[in-house]
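S.K.: Sharing protein24.cif below, mmCIF, C-alpha atoms:
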data_structure
loop_
_atom_site.label_atom_id
_atom_site.label_comp_id
_atom_site.auth_asym_id
_atom_site.auth_seq_id
_atom_site.Cartn_x
_atom_site.Cartn_y
_atom_site.Cartn_z
CA MET Q 1 -140.37 133.14 72.50
CA GLU Q 2 -139.76 133.65 68.78
CA HIS Q 3 -142.76 132.65 66.66
CA LEU Q 4 -142.14 131.51 63.06
CA ILE Q 5 -144.32 129.85 60.39
CA ARG Q 6 -142.69 128.41 57.29
CA SER Q 7 -142.90 125.67 54.69
CA LEU Q 8 -141.22 122.45 55.83
CA THR Q 9 -138.50 120.58 53.94
CA MET Q 10 -136.82 117.20 54.33
CA GLU Q 11 -134.31 118.80 56.71
CA ASP Q 12 -137.19 119.39 59.16
CA LEU Q 13 -137.98 115.71 59.74
CA PRO Q 14 -136.04 115.63 63.05
CA TYR Q 15 -138.21 118.49 64.34
CA LEU Q 16 -141.36 116.54 63.45
CA GLU Q 17 -140.02 113.39 65.10
CA ALA Q 18 -139.31 115.37 68.28
CA MET Q 19 -142.91 116.54 68.59
CA GLU Q 20 -145.03 115.04 71.38
CA THR Q 21 -148.45 114.78 69.72
CA GLY Q 22 -149.86 111.79 71.57
CA ILE Q 23 -150.41 110.09 68.19
CA GLU Q 24 -149.08 106.55 68.04
CA ASP Q 25 -147.58 105.54 64.72
CA ASP Q 26 -148.24 108.94 63.13
CA TYR Q 27 -148.62 108.41 59.38
CA VAL Q 28 -147.35 111.95 58.68
CA LYS Q 29 -143.88 110.81 59.69
CA ARG Q 30 -144.08 107.86 57.30
CA ILE Q 31 -145.13 109.96 54.30
CA PHE Q 32 -143.22 113.11 55.25
CA LYS Q 33 -141.04 113.04 52.13
CA ARG Q 34 -144.07 112.97 49.84
CA LEU Q 35 -145.77 115.76 51.79
CA VAL Q 36 -142.83 118.13 51.40
CA THR Q 37 -141.62 117.19 47.91
CA ALA Q 38 -144.52 115.91 45.78
CA GLU Q 39 -146.32 118.28 43.47
CA GLY Q 40 -149.70 119.38 44.84
CA ASN Q 41 -148.67 118.88 48.47
CA ARG Q 42 -147.37 121.44 50.93
CA LEU Q 43 -146.66 121.12 54.66
CA TYR Q 44 -146.12 124.03 57.04
CA GLY Q 45 -144.83 124.23 60.58
CA LEU Q 46 -145.21 126.73 63.37
CA PHE Q 47 -142.00 126.99 65.39
CA LEU Q 48 -141.56 128.36 68.89
CA GLY Q 49 -137.86 128.96 69.19
CA ASP Q 50 -136.17 125.81 67.90
CA GLN Q 51 -139.17 123.53 68.54
CA LEU Q 52 -141.85 122.57 66.04
CA ALA Q 53 -145.10 123.25 67.90
CA SER Q 54 -147.79 122.71 65.24
CA VAL Q 55 -148.12 121.27 61.74
CA CYS Q 56 -150.68 121.76 58.96
CA GLY Q 57 -150.63 121.33 55.20
CA TYR Q 58 -152.74 121.06 52.08
CA THR Q 59 -153.18 118.87 49.03
CA ILE Q 60 -154.57 120.14 45.74
CA PHE Q 61 -157.31 118.23 43.90
CA ALA Q 62 -158.60 118.82 40.37
CA ASP Q 63 -156.44 121.97 40.20
CA ARG Q 64 -159.24 123.89 41.93
CA TYR Q 65 -159.62 122.53 45.46
CA ALA Q 66 -157.19 122.65 48.37
CA MET Q 67 -157.85 120.22 51.23
CA LEU Q 68 -156.14 121.12 54.49
CA GLY Q 69 -155.00 118.35 56.80
CA ARG Q 70 -152.24 116.76 58.89
CA ILE Q 71 -153.21 119.19 61.66
CA ARG Q 72 -151.44 118.24 64.87
CA SER Q 73 -149.78 120.07 67.75
CA ASP Q 74 -147.21 119.32 70.39
CA VAL Q 75 -149.08 118.66 73.64
CA ARG Q 76 -146.58 120.82 75.51
CA PHE Q 77 -147.81 123.91 73.66
CA ARG Q 78 -151.54 123.25 73.48
CA GLY Q 79 -153.98 125.82 74.79
CA ASN Q 80 -152.32 128.72 72.93
CA ASP Q 81 -154.41 128.51 69.71
CA LEU Q 82 -151.29 127.65 67.75
CA ALA Q 83 -153.14 125.15 65.56
CA THR Q 84 -155.72 127.80 64.70
CA GLN Q 85 -153.04 130.38 63.84
CA LEU Q 86 -151.27 127.90 61.59
CA THR Q 87 -154.47 126.67 59.92
CA VAL Q 88 -155.52 130.24 59.11
CA TYR Q 89 -152.07 130.87 57.64
CA VAL Q 90 -152.20 127.72 55.50
CA ARG Q 91 -155.74 128.56 54.33
CA ASP Q 92 -154.53 131.95 53.09
CA GLU Q 93 -151.43 130.44 51.49
CA ALA Q 94 -153.65 128.05 49.54
CA PHE Q 95 -155.82 130.92 48.32
CA LYS Q 96 -152.72 132.67 46.97
CA ILE Q 97 -152.75 130.04 44.22
CA PRO Q 98 -154.89 131.70 41.49
CA ASN Q 99 -156.67 128.53 40.39
CA ILE Q 100 -157.86 127.55 43.87
CA HIS Q 101 -161.56 128.30 44.25
CA TRP Q 102 -162.29 126.35 47.45
CA VAL Q 103 -160.28 125.56 50.60
CA GLY Q 104 -161.49 123.22 53.31
CA ALA Q 105 -160.74 120.35 55.63
CA ASN Q 106 -162.31 117.08 56.73
CA THR Q 107 -162.35 115.67 60.25
CA GLN Q 108 -164.29 113.08 62.18
CA GLU Q 109 -167.36 114.20 64.10
CA GLU Q 110 -165.91 112.98 67.40
CA ASN Q 111 -162.72 115.08 66.96
CA THR Q 112 -164.03 118.13 68.79
CA ALA Q 113 -160.60 119.78 69.06
CA ALA Q 114 -160.07 119.75 65.29
CA ARG Q 115 -163.63 120.93 64.69
CA ARG Q 116 -163.10 123.93 66.97
CA VAL Q 117 -159.97 124.85 65.01
CA LEU Q 118 -161.81 124.63 61.68
CA GLU Q 119 -164.73 126.69 62.95
CA LYS Q 120 -162.31 129.41 64.11
CA THR Q 121 -160.73 129.32 60.67
CA GLY Q 122 -163.96 130.65 59.17
CA PHE Q 123 -165.02 127.50 57.37
CA SER Q 124 -168.66 126.50 56.92
CA GLU Q 125 -169.80 123.05 57.97
CA TYR Q 126 -171.24 120.62 55.43
CA LEU Q 127 -173.30 117.47 55.81
CA PRO Q 128 -171.51 114.75 57.83
CA LEU Q 129 -171.01 111.42 56.06
CA TYR Q 130 -169.96 107.96 57.22
CA GLY Q 131 -167.02 106.41 55.37
CA ALA Q 132 -168.68 102.99 55.50
CA THR Q 133 -166.64 99.94 54.51
CA THR Q 134 -167.33 96.26 54.06
CA LYS Q 135 -166.03 93.19 52.24
CA ASP Q 136 -169.39 91.60 51.52
CA VAL Q 137 -172.77 92.94 50.40
CA SER Q 138 -174.11 89.62 49.13
CA LYS Q 139 -176.76 89.58 51.87
CA PHE Q 140 -178.42 92.54 50.13
CA GLU Q 141 -178.57 90.87 46.72
CA ALA Q 142 -181.86 89.67 45.24
CA ASN Q 143 -180.53 87.30 42.55
CA THR Q 144 -181.27 89.80 39.80
CA SER Q 145 -179.15 91.05 36.93
CA PRO Q 146 -176.66 93.88 37.45
CA TRP Q 147 -177.51 97.30 36.05
CA ALA Q 148 -176.55 98.33 32.54
CA GLU Q 149 -173.32 100.26 32.20
CA VAL Q 150 -173.39 103.75 30.69
CA HIS Q 151 -170.62 104.28 28.15
CA ASP Q 152 -171.80 107.54 26.57
CA LEU Q 153 -169.81 110.47 27.98
CA GLU Q 154 -172.65 112.95 27.43
CA ARG Q 155 -175.01 110.72 29.40
CA LYS Q 156 -172.50 110.63 32.26
CA LYS Q 157 -172.22 114.42 32.13
CA ALA Q 158 -175.99 114.75 32.27
CA TRP Q 159 -176.16 112.68 35.47
CA ILE Q 160 -173.33 114.67 37.08
CA ASP Q 161 -174.91 117.98 36.09
CA ARG Q 162 -178.29 117.00 37.51
CA LEU Q 163 -177.08 115.42 40.76
CA TYR Q 164 -174.07 117.54 41.64
CA ILE Q 165 -173.21 120.60 39.55
CA GLN Q 166 -176.70 122.12 39.63
CA THR Q 167 -177.12 121.34 43.33
CA GLY Q 168 -173.60 121.91 44.63
CA ASN Q 169 -174.00 118.69 46.63
CA ILE Q 170 -171.01 117.00 48.23
CA PHE Q 171 -169.26 114.60 45.88
CA PRO Q 172 -166.95 111.80 47.10
CA TYR Q 173 -164.01 112.54 44.79
CA GLU Q 174 -161.82 109.95 46.52
CA CYS Q 175 -162.01 107.90 49.69
CA TYR Q 176 -161.66 110.39 52.59
CA TYR Q 177 -161.80 113.35 50.19
CA LEU Q 178 -165.19 114.91 49.53
CA PHE Q 179 -165.86 118.29 47.93
CA PRO Q 180 -168.82 120.56 47.20
CA ALA Q 181 -169.39 120.03 43.52
CA SER Q 182 -168.49 122.37 40.68
CA ALA Q 183 -167.96 121.72 36.99
CA GLU Q 184 -164.19 121.79 37.44
CA LEU Q 185 -164.32 118.67 39.60
CA PHE Q 186 -165.51 116.50 36.72
CA SER Q 187 -163.04 116.37 33.85
CA ASP Q 188 -163.81 114.29 30.77
CA GLU Q 189 -160.84 112.11 31.70
CA LYS Q 190 -162.27 111.34 35.13
CA LEU Q 191 -165.77 110.68 33.80
CA ALA Q 192 -164.35 108.27 31.23
CA GLU Q 193 -162.41 106.50 33.97
CA TRP Q 194 -165.37 106.14 36.37
CA ALA Q 195 -168.05 103.49 35.74
CA PHE Q 196 -171.71 104.58 35.59
CA TYR Q 197 -174.63 102.16 35.78
CA GLU Q 198 -178.35 102.83 35.31
CA ASN Q 199 -181.28 100.83 36.62
CA GLU Q 200 -183.88 99.50 34.20
CA ALA Q 201 -186.11 102.56 34.61
CA LYS Q 202 -183.09 104.83 33.97
CA ASP Q 203 -184.08 107.01 36.93
CA ARG Q 204 -181.22 105.91 39.19
CA VAL Q 205 -177.46 105.81 38.66
CA LEU Q 206 -174.59 104.14 40.48
CA ILE Q 207 -171.04 105.41 40.09
CA THR Q 208 -168.09 103.16 40.93
CA LYS Q 209 -164.38 103.83 40.85
CA LYS Q 210 -161.22 102.24 42.12
CA ASP Q 211 -159.12 103.90 44.82
CA PHE Q 212 -156.14 103.06 46.98
CA LYS Q 213 -155.61 104.36 50.51
CA LYS Q 214 -153.26 101.83 52.13
CA TYR Q 215 -155.73 99.20 50.88
CA ASP Q 216 -157.60 98.80 47.60
CA TYR Q 217 -161.17 100.09 47.51
CA LEU Q 218 -164.15 100.00 45.23
CA GLN Q 219 -165.79 103.33 45.93
CA ALA Q 220 -169.52 103.07 45.24
CA ILE Q 221 -171.54 106.29 44.99
CA TYR Q 222 -175.32 106.17 45.21
CA PRO Q 223 -176.95 109.47 46.29
CA TRP Q 224 -180.48 108.26 47.08
CA ASN Q 225 -181.93 106.78 50.28
CA ASP Q 226 -183.65 103.82 48.60
CA PHE Q 227 -180.58 101.62 48.05
CA MET Q 228 -182.17 98.74 49.97
CA GLU Q 229 -185.09 98.75 47.52
CA GLN Q 230 -183.18 98.88 44.23
CA LYS Q 231 -183.00 95.44 42.63
CA GLY Q 232 -179.70 94.80 40.90
CA LEU Q 233 -177.83 97.60 42.68
CA TRP Q 234 -175.87 95.37 45.04
CA GLU Q 235 -175.23 92.81 42.30
CA THR Q 236 -173.64 95.64 40.29
CA ILE Q 237 -171.45 96.66 43.21
CA THR Q 238 -170.41 93.06 43.87
CA ALA Q 239 -169.41 92.51 40.24
CA ASP Q 240 -167.07 95.52 40.26
CA TYR Q 241 -165.77 94.67 43.73
CA LYS Q 242 -164.73 91.19 42.55
CA THR Q 243 -162.55 92.85 39.91
CA VAL Q 244 -160.87 95.02 42.55
CA VAL Q 245 -160.28 91.97 44.77
CA SER Q 246 -158.74 90.03 41.89
CA GLU Q 247 -156.25 92.84 41.23
CA ALA Q 248 -155.46 93.75 44.86
CA GLU Q 249 -152.14 92.75 46.39
CA GLU Q 250 -153.54 92.92 49.94
CA ASP Q 251 -157.00 93.51 51.42
CA ALA Q 252 -159.74 95.14 49.36
CA TYR Q 253 -162.95 96.78 50.55
CA ILE Q 254 -166.15 98.38 49.32
CA TRP Q 255 -166.38 102.03 50.39
CA MET Q 256 -169.63 104.02 50.47
CA ASP Q 257 -170.07 107.53 51.84
CA LEU Q 258 -173.42 107.36 53.63
CA THR Q 259 -175.54 110.09 55.18
CA LYS Q 260 -176.82 109.42 58.68
CA GLU Q 261 -180.24 108.70 57.21
CA GLN Q 262 -178.77 106.14 54.81
CA ALA Q 263 -176.76 104.51 57.60
CA GLN Q 264 -179.86 104.24 59.77
CA SER Q 265 -181.72 102.49 56.94
CA LEU Q 266 -179.20 99.63 56.83
CA PRO Q 267 -180.74 96.40 58.13
CA GLU Q 268 -179.54 94.64 61.27
CA GLY Q 269 -176.37 92.66 60.68
CA HIS Q 270 -175.52 94.73 57.60
CA GLY Q 271 -171.76 94.16 57.93
CA PHE Q 272 -170.62 97.72 57.25
CA LYS Q 273 -168.08 99.31 59.58
CA LEU Q 274 -169.39 102.74 60.57
CA PRO Q 275 -166.70 104.82 62.30
CA SER Q 276 -167.39 108.34 63.50
CA PRO Q 277 -168.83 110.34 60.55
CA TRP Q 278 -166.56 112.69 58.66
CA VAL Q 279 -167.54 116.35 58.76
CA LEU Q 280 -166.47 118.52 55.85
CA TYR Q 281 -165.64 122.20 56.39
CA GLY Q 282 -164.68 124.78 53.81
CA VAL Q 283 -165.14 128.11 52.09
CA TRP Q 284 -165.32 129.26 48.48
CA ARG Q 285 -162.97 132.03 47.37
CA LYS Q 286 -165.89 134.33 46.55
CA GLU Q 287 -167.43 133.75 49.99
CA ARG Q 288 -164.13 134.52 51.66
CA ALA Q 289 -163.69 137.69 49.60
CA ALA Q 290 -167.23 138.88 50.38
CA LYS Q 291 -166.56 138.63 54.11
CA ASP Q 292 -163.05 140.09 54.05
CA PRO Q 293 -162.39 143.18 51.86
CA GLU Q 294 -158.69 143.03 52.68
CA PHE Q 295 -158.52 139.47 51.38
CA ALA Q 296 -160.49 140.45 48.27
CA ALA Q 297 -158.04 143.24 47.54
CA SER Q 298 -154.93 141.14 48.06
CA THR Q 299 -155.75 137.90 46.23
CA PRO Q 300 -156.88 137.24 42.67
CA LEU Q 301 -160.53 136.42 42.06
CA CYS Q 302 -160.77 133.84 39.31
CA LYS Q 303 -163.79 133.19 37.22
CA THR Q 304 -165.58 129.96 38.05
CA LYS Q 305 -168.72 128.23 36.91
CA ASN Q 306 -169.69 127.59 40.52
CA LYS Q 307 -172.59 129.71 41.72
CA SER Q 308 -171.12 130.31 45.17
#
Could you express the structure from this file as structure tokens?

M.R.:
Amino acid sequence: MEHLIRSLTMEDLPYLEAMETGIEDDYVKRIFKRLVTAEGNRLYGLFLGDQLASVCGYTIFADRYAMLGRIRSDVRFRGNDLATQLTVYVRDEAFKIPNIHWVGANTQEENTAARRVLEKTGFSEYLPLYGATTKDVSKFEANTSPWAEVHDLERKKAWIDRLYIQTGNIFPYECYYLFPASAELFSDEKLAEWAFYENEAKDRVLITKKDFKKYDYLQAIYPWNDFMEQKGLWETITADYKTVVSEAEEDAYIWMDLTKEQAQSLPEGHGFKLPSPWVLYGVWRKERAAKDPEFAASTPLCKTKNKS
């Protein structure tokens, strides 16, 4: 049977709708137009004859990162590694963009099928994190004052450099979208937009930012394990969350990306929803080139401040 991989267009929606993926109310169908027309998005399909057998695409973040996703296959063609073939193809297509330094994907820990595909794609596995959500953290408050907001851009940069750029730690850029840090991820515009708060001792920082993924979220970023011991931390989160709630048209939530150790430290009755952790996979361009001379010879290697 003829095997073809190509970029999808609006004319391909009937092929997508004819797929038997076993996914009820597949959101890819609802946002198909945006996936195939919006700048920074690309969706590819693997066809067997006149049937769409597998789908995969990518979205570009911060002009440097490509996150693969929307991986699904028709159940009638599973067992032939079609998803792996397509994912490898899409990975290489993303790396053809000169500015892209990192390509990866994010899936839930319990999704063993998707994890096998990503491992075959040559991606490395990063630390799993819970996308924990709640509407109320008042039970953690200690009736103390919120932390002081940091307005100085250079002070914000210093925190980011110390916690993320120098370490390469995973940074929650958006809800559902986490990336290994590099300087390119943190533009002055983004840092000015995000709120930073320091505790009284100025040895801890909380970062909050608004996001929208079907619902409104206050994304709260705190990279230490002592969040249950920090007076004023939860009062600070609550204050920003109230602003999000007041501006939301529908439901609004607090979102925190928690390590397994952080999740285990939550007290009984904490109120956070803890679905299966998200596992990030990916590879830097330089890592990919070092392992594959043919790839190194065929794609541009761009200078980057990242040490990888």

S.K.: Selected by the PyMOL selection byres ((chain Q and resi 108-111) around 9) in the shown coordinates: which residues, as a PyMOL selection string?

M.R.: chain Q and resi 106-107+112-116+128+275-280

S.K.: Those same residues, written as a short mmCIF file (atom, residue, chain, number, x, y, z; two decimals), in the coordinates of the input with C-alpha atoms?

M.R.:
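Printed below is part21.cif as written:
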data_model
loop_
_atom_site.label_atom_id
_atom_site.label_comp_id
_atom_site.auth_asym_id
_atom_site.auth_seq_id
_atom_site.Cartn_x
_atom_site.Cartn_y
_atom_site.Cartn_z
CA ASN Q 106 -162.31 117.08 56.73
CA THR Q 107 -162.35 115.67 60.25
CA THR Q 112 -164.03 118.13 68.79
CA ALA Q 113 -160.60 119.78 69.06
CA ALA Q 114 -160.07 119.75 65.29
CA ARG Q 115 -163.63 120.93 64.69
CA ARG Q 116 -163.10 123.93 66.97
CA PRO Q 128 -171.51 114.75 57.83
CA PRO Q 275 -166.70 104.82 62.30
CA SER Q 276 -167.39 108.34 63.50
CA PRO Q 277 -168.83 110.34 60.55
CA TRP Q 278 -166.56 112.69 58.66
CA VAL Q 279 -167.54 116.35 58.76
CA LEU Q 280 -166.47 118.52 55.85
#

S.K.: So how far away is CA of Ser265 (chain Q) from CA of Asp226 (chain Q), in Å?

M.R.: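 Spanning CA of Asp226 (chain Q) to CA of Ser265 (chain Q) is a straight-line distance of 8.7 Å.
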
S.K.: Check what the PyMOL selection byres ((chain Q and resi 289-296) around 12) selects in the file above and give those residues as a PyMOL selection string.

M.R.: chain Q and resi 91-93+95-96+101-102+122-123+283-288+297-302+308

S.K.: Need to verify the contact set: Thr238 (chain Q), 8 Å, all atoms listed in the file, exclusion of same-chain residues closer than 2 positions in sequence. Can you return it as a VMD selection string?

M.R.: chain Q and resid 136 to 138 234 to 236 240 to 242

S.K.: Can you give me, as a PyMOL selection string, the residues this file yields under the PyMOL selection byres ((chain Q and resi 187-191) around 10)?

M.R.: chain Q and resi 62+151-154+156-157+160+173+183-186+192-196+207+209

S.K.: Which residue out of Q:Ala94, Q:Met10, Q:Val245, Q:Ala132 has the minimum interatomic distance to Gly40 (chain Q) when all atoms listed in the file are used?

M.R.: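 Among the listed residues, the smallest separation from Gly40 (chain Q) belongs to Q:Ala94.
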
S.K.: CA of Tyr44 (chain Q) and CA of Asn80 (chain Q) are how many Å apart?

M.R.: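 Calculated distance between CA of Tyr44 (chain Q) and CA of Asn80 (chain Q) is 17.7 Å.
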
S.K.: Distance CA of Trp147 (chain Q)-CA of Lys214 (chain Q), one decimal place?

M.R.: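 Here the two named atoms are 29.4 Å from each other.
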
S.K.: Edge lengths and centre, in Å to one decimal, as JSON: that's what I need for the box along x, y and z that holds all listed atoms of region 106-118 of chain Q plus 5 Å on each side.

M.R.:
{"center_x": -163.7, "center_y": 118.9, "center_z": 62.9, "size_x": 17.4, "size_y": 21.9, "size_z": 22.3}

S.K.: Of the candidates Q:Ser73, Q:Leu4, Q:Arg34, Q:Asp12, which one gets nearest to Leu46 (chain Q) if we count all atoms listed in the file?

M.R.: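 Closest to Leu46 (chain Q), using all atoms listed in the file: Q:Leu4.
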
S.K.: With a distance cut-off of 10 Å and all atoms listed in the file, select the neighbouring residues of Lys139 (chain Q), excluding the residue or stretch itself and same-chain residues fewer than 4 positions from it, and output the selection as a ChimeraX atom specification.

M.R.: /Q:234,269-271

S.K.: Which of these residues is nearest to Ala38 (chain Q), using all atoms listed in the file: Q:Thr87, Q:Ile60, Q:Ile237, Q:Glu125?

M.R.: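 Once distances to Ala38 (chain Q) are computed over all atoms listed in the file, the minimum belongs to Q:Ile60.
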
S.K.: Return the single residue from Q:Gly69, Q:Gly79, Q:Gly232, Q:Gly168 that is closest to Ser145 (chain Q), with distances computed using all atoms listed in the file.

M.R.: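 Answer, going by the shortest atom-to-atom distance: Q:Gly232.
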
S.K.: If we count only C-alpha atoms, what is near Glu250 (chain Q) at a cut-off of 12 Å, once residues fewer than 3 positions away on the same chain are taken out, given as a list in words?

M.R.: Phe212, Lys213, Lys214, Tyr215, Asp216, Tyr217, Val244, Val245, Ser246, Glu247 and Tyr253 of chain Q

S.K.: Just the selected residues (C-alpha atoms), exported as a PDB file, in the coordinates of the input, please.

M.R.:
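Result file part_7.pdb:
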ATOM      1  CA  PHE Q 212    -156.140 103.060  46.980  1.00  0.00           C
ATOM      2  CA  LYS Q 213    -155.610 104.360  50.510  1.00  0.00           C
ATOM      3  CA  LYS Q 214    -153.260 101.830  52.130  1.00  0.00           C
ATOM      4  CA  TYR Q 215    -155.730  99.200  50.880  1.00  0.00           C
ATOM      5  CA  ASP Q 216    -157.600  98.800  47.600  1.00  0.00           C
ATOM      6  CA  TYR Q 217    -161.170 100.090  47.510  1.00  0.00           C
ATOM      7  CA  VAL Q 244    -160.870  95.020  42.550  1.00  0.00           C
ATOM      8  CA  VAL Q 245    -160.280  91.970  44.770  1.00  0.00           C
ATOM      9  CA  SER Q 246    -158.740  90.030  41.890  1.00  0.00           C
ATOM     10  CA  GLU Q 247    -156.250  92.840  41.230  1.00  0.00           C
ATOM     11  CA  TYR Q 253    -162.950  96.780  50.550  1.00  0.00           C
TER      12      TYR Q 253
END

S.K.: Got a sec: who's within 10 Å of Ile170 (chain Q), counting only C-alpha atoms, leaving out chain neighbours fewer than 6 positions off, as a PDB file with C-alpha atoms, keeping the file's coordinate frame?

M.R.:
ATOM      1  CA  TYR Q 126    -171.240 120.620  55.430  1.00  0.00           C
ATOM      2  CA  LEU Q 127    -173.300 117.470  55.810  1.00  0.00           C
ATOM      3  CA  PRO Q 128    -171.510 114.750  57.830  1.00  0.00           C
ATOM      4  CA  LEU Q 129    -171.010 111.420  56.060  1.00  0.00           C
ATOM      5  CA  LEU Q 163    -177.080 115.420  40.760  1.00  0.00           C
ATOM      6  CA  TYR Q 164    -174.070 117.540  41.640  1.00  0.00           C
ATOM      7  CA  LEU Q 178    -165.190 114.910  49.530  1.00  0.00           C
ATOM      8  CA  PHE Q 179    -165.860 118.290  47.930  1.00  0.00           C
ATOM      9  CA  PRO Q 180    -168.820 120.560  47.200  1.00  0.00           C
ATOM     10  CA  ALA Q 181    -169.390 120.030  43.520  1.00  0.00           C
ATOM     11  CA  SER Q 182    -168.490 122.370  40.680  1.00  0.00           C
ATOM     12  CA  PRO Q 223    -176.950 109.470  46.290  1.00  0.00           C
ATOM     13  CA  LEU Q 280    -166.470 118.520  55.850  1.00  0.00           C
TER      14      LEU Q 280
END

S.K.: Please provide as a PyMOL selection string all residues within 12 Å of Arg30 (chain Q), with the sequence filter that same-chain residues fewer than 6 positions apart are discarded (counting all atoms listed in the file).

M.R.: chain Q and resi 13+16-17+24+36

S.K.: Between Q:Met67, Q:Val117, Q:Leu206, Q:Leu82, single out the one closest to Ile100 (chain Q), counting all atoms listed in the file.

M.R.: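 Closest to Ile100 (chain Q), using all atoms listed in the file: Q:Met67.
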
S.K.: Output: region 225-236 of chain Q of the preceding structure, restricted to N, CA, C and O atoms, written as a PDB file, in the first residue's frame.

M.R.:
ATOM      1  N   ASN Q 225      11.165  22.709  47.744  1.00  0.00           N
ATOM      2  CA  ASN Q 225      10.293  21.703  48.371  1.00  0.00           C
ATOM      3  C   ASN Q 225       9.677  22.179  49.683  1.00  0.00           C
ATOM      4  O   ASN Q 225       8.912  21.437  50.303  1.00  0.00           O
ATOM      5  N   ASP Q 226       9.992  23.399  50.105  1.00  0.00           N
ATOM      6  CA  ASP Q 226       9.544  23.859  51.422  1.00  0.00           C
ATOM      7  C   ASP Q 226       8.325  24.767  51.350  1.00  0.00           C
ATOM      8  O   ASP Q 226       8.125  25.628  52.205  1.00  0.00           O
ATOM      9  N   PHE Q 227       7.473  24.588  50.324  1.00  0.00           N
ATOM     10  CA  PHE Q 227       6.355  25.534  50.163  1.00  0.00           C
ATOM     11  C   PHE Q 227       5.345  25.470  51.294  1.00  0.00           C
ATOM     12  O   PHE Q 227       4.586  26.416  51.488  1.00  0.00           O
ATOM     13  N   MET Q 228       5.310  24.375  52.054  1.00  0.00           N
ATOM     14  CA  MET Q 228       4.388  24.311  53.183  1.00  0.00           C
ATOM     15  C   MET Q 228       4.941  25.037  54.417  1.00  0.00           C
ATOM     16  O   MET Q 228       4.248  25.197  55.413  1.00  0.00           O
ATOM     17  N   GLU Q 229       6.193  25.467  54.343  1.00  0.00           N
ATOM     18  CA  GLU Q 229       6.836  26.122  55.482  1.00  0.00           C
ATOM     19  C   GLU Q 229       7.032  27.618  55.263  1.00  0.00           C
ATOM     20  O   GLU Q 229       7.469  28.319  56.179  1.00  0.00           O
ATOM     21  N   GLN Q 230       6.711  28.103  54.076  1.00  0.00           N
ATOM     22  CA  GLN Q 230       6.977  29.499  53.731  1.00  0.00           C
ATOM     23  C   GLN Q 230       5.768  30.383  54.050  1.00  0.00           C
ATOM     24  O   GLN Q 230       4.766  30.372  53.338  1.00  0.00           O
ATOM     25  N   LYS Q 231       5.879  31.154  55.125  1.00  0.00           N
ATOM     26  CA  LYS Q 231       4.793  32.050  55.515  1.00  0.00           C
ATOM     27  C   LYS Q 231       4.615  33.149  54.476  1.00  0.00           C
ATOM     28  O   LYS Q 231       5.586  33.753  54.028  1.00  0.00           O
ATOM     29  N   GLY Q 232       3.380  33.371  54.092  1.00  0.00           N
ATOM     30  CA  GLY Q 232       3.066  34.413  53.129  1.00  0.00           C
ATOM     31  C   GLY Q 232       3.014  33.926  51.686  1.00  0.00           C
ATOM     32  O   GLY Q 232       2.488  34.630  50.816  1.00  0.00           O
ATOM     33  N   LEU Q 233       3.552  32.738  51.428  1.00  0.00           N
ATOM     34  CA  LEU Q 233       3.571  32.225  50.049  1.00  0.00           C
ATOM     35  C   LEU Q 233       2.159  32.016  49.529  1.00  0.00           C
ATOM     36  O   LEU Q 233       1.803  32.488  48.438  1.00  0.00           O
ATOM     37  N   TRP Q 234       1.338  31.320  50.294  1.00  0.00           N
ATOM     38  CA  TRP Q 234      -0.006  30.990  49.817  1.00  0.00           C
ATOM     39  C   TRP Q 234      -0.906  32.219  49.809  1.00  0.00           C
ATOM     40  O   TRP Q 234      -1.800  32.331  48.959  1.00  0.00           O
ATOM     41  N   GLU Q 235      -0.661  33.175  50.706  1.00  0.00           N
ATOM     42  CA  GLU Q 235      -1.399  34.425  50.670  1.00  0.00           C
ATOM     43  C   GLU Q 235      -1.092  35.184  49.367  1.00  0.00           C
ATOM     44  O   GLU Q 235      -1.977  35.817  48.785  1.00  0.00           O
ATOM     45  N   THR Q 236       0.159  35.094  48.922  1.00  0.00           N
ATOM     46  CA  THR Q 236       0.560  35.756  47.676  1.00  0.00           C
ATOM     47  C   THR Q 236      -0.136  35.110  46.485  1.00  0.00           C
ATOM     48  O   THR Q 236      -0.639  35.799  45.585  1.00  0.00           O
TER      49      THR Q 236
END
